[in-house]
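A quick write-up on the structure given underneath.
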Amino acid sequence: MRIIYFCNFDLMSRALALDTRTAEFLPCRFTLLETGKGVALMAVNPVWVSNRLGNYRLHEYCEKVRRDYLAIMKEAAL
């Protein structure tokens with residue numbers, strides 16, 4: 001298992017200013033797990049987390065992070 005942390009500090013700063021609970025999923029983290037069938041690449045869905053936190057102002061930032069995660073995962077899977 002490997003865990004990779006990365007961060008867009010500007011985005012993280014703005015999200016934390018809106019709600020300090022975003023520290024639950026920031027900085028960004030991917031987990032890579034080797035299985036018998038290959039490598040699984042996992043990350044938390046920030047949109048789900050923002051819905052759970054109930055702060056509508058976070059949703060915009062979490063949508064961007066989700067899109068970034070998906071783009072990174074897609075590129076890594078090539």
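Following the order of the structure tokens, chains are lettered A, B, ..., residues in each are numbered from 1, and ligands are numbered from 1.
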Worksheet entry | Spatial neighbours of region 65-67 of chain A, 8 Å, only C-alpha atoms, chain gap at least 3 places, as a PyMOL selection string | chain A and resi 45-47+61-62+70-71
Worksheet entry | alpha helix (DSSP H) call set, DSSP backbone run, chain A, as a PyMOL selection string | chain A and resi 9-18+46-53+59-76
Fill in: Near-region 11-20 of chain A list (10 Å; only C-alpha atoms; drop same-chain fewer than 6 positions) as an MDAnalysis selection string
chainID A and resid 26:28 50 53 55:62 64:65
Write the residues of the selection above to a file with N, CA and C atoms, as a compact mmCIF listing (two decimals), in the first residue's frame.
```
# COMPACT_ATOMS: atom_id res chain seq x y z
N LEU A 26 -8.49 17.40 3.38
CA LEU A 26 -7.40 18.17 2.78
C LEU A 26 -6.19 18.09 3.69
N PRO A 27 -4.96 17.97 3.22
CA PRO A 27 -4.58 17.95 1.82
C PRO A 27 -5.09 16.69 1.12
N CYS A 28 -5.06 16.75 -0.18
CA CYS A 28 -5.59 15.67 -1.00
C CYS A 28 -4.76 14.40 -0.81
N SER A 50 -18.58 17.31 1.40
CA SER A 50 -19.18 18.64 1.54
C SER A 50 -20.68 18.52 1.81
N LEU A 53 -21.04 17.68 5.44
CA LEU A 53 -20.74 18.80 6.32
C LEU A 53 -21.86 19.83 6.33
N ASN A 55 -22.32 22.50 4.46
CA ASN A 55 -21.94 23.88 4.20
C ASN A 55 -21.99 24.10 2.68
N TYR A 56 -23.07 24.70 2.20
CA TYR A 56 -23.27 24.85 0.76
C TYR A 56 -22.15 25.66 0.10
N ARG A 57 -21.49 26.55 0.85
CA ARG A 57 -20.42 27.36 0.26
C ARG A 57 -19.20 26.52 -0.12
N LEU A 58 -19.04 25.37 0.49
CA LEU A 58 -17.92 24.48 0.17
C LEU A 58 -18.12 23.72 -1.13
N HIS A 59 -19.36 23.59 -1.53
CA HIS A 59 -19.67 22.72 -2.66
C HIS A 59 -18.87 23.07 -3.92
N GLU A 60 -18.74 24.35 -4.22
CA GLU A 60 -18.00 24.80 -5.40
C GLU A 60 -16.54 24.30 -5.36
N TYR A 61 -15.90 24.43 -4.22
CA TYR A 61 -14.51 23.99 -4.09
C TYR A 61 -14.41 22.47 -4.17
N CYS A 62 -15.35 21.79 -3.56
CA CYS A 62 -15.32 20.33 -3.57
C CYS A 62 -15.58 19.78 -4.96
N LYS A 64 -14.58 21.24 -7.71
CA LYS A 64 -13.31 21.41 -8.41
C LYS A 64 -12.31 20.33 -8.00
N VAL A 65 -12.23 20.05 -6.71
CA VAL A 65 -11.32 19.01 -6.23
C VAL A 65 -11.71 17.66 -6.82
```
Worksheet entry | Point-to-point distance in Å for CA of Ile4 (chain A) and CA of Arg29 (chain A) | 5.6 Å
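If only C-alpha atoms are the atoms counted, then among A:Met1, A:Val39, A:Phe6, A:Asn51 the closest residue to Ile72 (chain A) is A:Phe6.
Atom pair CA of Glu63 (chain A) / CA of Glu34 (chain A) has a distance of 28.1 Å (rounded to one decimal).
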Fill in: strand (DSSP E or B) per DSSP on the backbone: members of chain A, as a ChimeraX atom specification
/A:2-6,28-35,38-42
Residues as selected, N, CA and C atoms, written as a PDB file, in the first residue's frame, can you do that?
```pdb
ATOM      1  N   ARG A   2       0.507   2.214  -0.796  1.00  0.00           N
ATOM      2  CA  ARG A   2       1.190   3.503  -0.830  1.00  0.00           C
ATOM      3  C   ARG A   2       0.142   4.594  -0.683  1.00  0.00           C
ATOM      4  N   ILE A   3       0.489   5.608   0.072  1.00  0.00           N
ATOM      5  CA  ILE A   3      -0.394   6.766   0.237  1.00  0.00           C
ATOM      6  C   ILE A   3       0.350   7.979  -0.287  1.00  0.00           C
ATOM      7  N   ILE A   4      -0.313   8.723  -1.164  1.00  0.00           N
ATOM      8  CA  ILE A   4       0.290   9.896  -1.792  1.00  0.00           C
ATOM      9  C   ILE A   4      -0.531  11.118  -1.402  1.00  0.00           C
ATOM     10  N   TYR A   5       0.133  12.090  -0.803  1.00  0.00           N
ATOM     11  CA  TYR A   5      -0.510  13.355  -0.447  1.00  0.00           C
ATOM     12  C   TYR A   5      -0.051  14.426  -1.428  1.00  0.00           C
ATOM     13  N   PHE A   6      -0.944  15.321  -1.790  1.00  0.00           N
ATOM     14  CA  PHE A   6      -0.597  16.456  -2.636  1.00  0.00           C
ATOM     15  C   PHE A   6      -1.556  17.579  -2.308  1.00  0.00           C
ATOM     16  N   CYS A  28      -5.064  16.745  -0.179  1.00  0.00           N
ATOM     17  CA  CYS A  28      -5.591  15.667  -1.002  1.00  0.00           C
ATOM     18  C   CYS A  28      -4.762  14.398  -0.808  1.00  0.00           C
ATOM     19  N   ARG A  29      -5.449  13.266  -0.870  1.00  0.00           N
ATOM     20  CA  ARG A  29      -4.770  11.996  -0.620  1.00  0.00           C
ATOM     21  C   ARG A  29      -5.299  10.923  -1.559  1.00  0.00           C
ATOM     22  N   PHE A  30      -4.378  10.213  -2.185  1.00  0.00           N
ATOM     23  CA  PHE A  30      -4.709   9.018  -2.953  1.00  0.00           C
ATOM     24  C   PHE A  30      -4.090   7.833  -2.246  1.00  0.00           C
ATOM     25  N   THR A  31      -4.789   6.725  -2.256  1.00  0.00           N
ATOM     26  CA  THR A  31      -4.256   5.470  -1.721  1.00  0.00           C
ATOM     27  C   THR A  31      -4.142   4.489  -2.872  1.00  0.00           C
ATOM     28  N   LEU A  32      -2.973   3.893  -3.010  1.00  0.00           N
ATOM     29  CA  LEU A  32      -2.733   2.868  -4.018  1.00  0.00           C
ATOM     30  C   LEU A  32      -2.563   1.550  -3.287  1.00  0.00           C
ATOM     31  N   LEU A  33      -3.340   0.560  -3.699  1.00  0.00           N
ATOM     32  CA  LEU A  33      -3.317  -0.736  -3.036  1.00  0.00           C
ATOM     33  C   LEU A  33      -3.124  -1.817  -4.083  1.00  0.00           C
ATOM     34  N   GLU A  34      -2.054  -2.594  -3.931  1.00  0.00           N
ATOM     35  CA  GLU A  34      -1.802  -3.682  -4.870  1.00  0.00           C
ATOM     36  C   GLU A  34      -2.676  -4.872  -4.490  1.00  0.00           C
ATOM     37  N   THR A  35      -3.419  -5.369  -5.467  1.00  0.00           N
ATOM     38  CA  THR A  35      -4.286  -6.533  -5.270  1.00  0.00           C
ATOM     39  C   THR A  35      -3.842  -7.640  -6.211  1.00  0.00           C
ATOM     40  N   GLY A  38      -4.303  -6.349  -9.799  1.00  0.00           N
ATOM     41  CA  GLY A  38      -3.646  -5.125 -10.236  1.00  0.00           C
ATOM     42  C   GLY A  38      -3.543  -4.134  -9.095  1.00  0.00           C
ATOM     43  N   VAL A  39      -3.616  -2.868  -9.441  1.00  0.00           N
ATOM     44  CA  VAL A  39      -3.493  -1.802  -8.446  1.00  0.00           C
ATOM     45  C   VAL A  39      -4.805  -1.029  -8.385  1.00  0.00           C
ATOM     46  N   ALA A  40      -5.313  -0.865  -7.178  1.00  0.00           N
ATOM     47  CA  ALA A  40      -6.522  -0.065  -6.954  1.00  0.00           C
ATOM     48  C   ALA A  40      -6.079   1.341  -6.547  1.00  0.00           C
ATOM     49  N   LEU A  41      -6.701   2.337  -7.137  1.00  0.00           N
ATOM     50  CA  LEU A  41      -6.418   3.737  -6.854  1.00  0.00           C
ATOM     51  C   LEU A  41      -7.663   4.329  -6.212  1.00  0.00           C
ATOM     52  N   MET A  42      -7.524   4.832  -4.983  1.00  0.00           N
ATOM     53  CA  MET A  42      -8.692   5.294  -4.227  1.00  0.00           C
ATOM     54  C   MET A  42      -8.476   6.712  -3.699  1.00  0.00           C
TER      55      MET A  42
END
```
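In this structure, CA of Arg21 (chain A) sits 17.0 Å away from CA of Asn8 (chain A).
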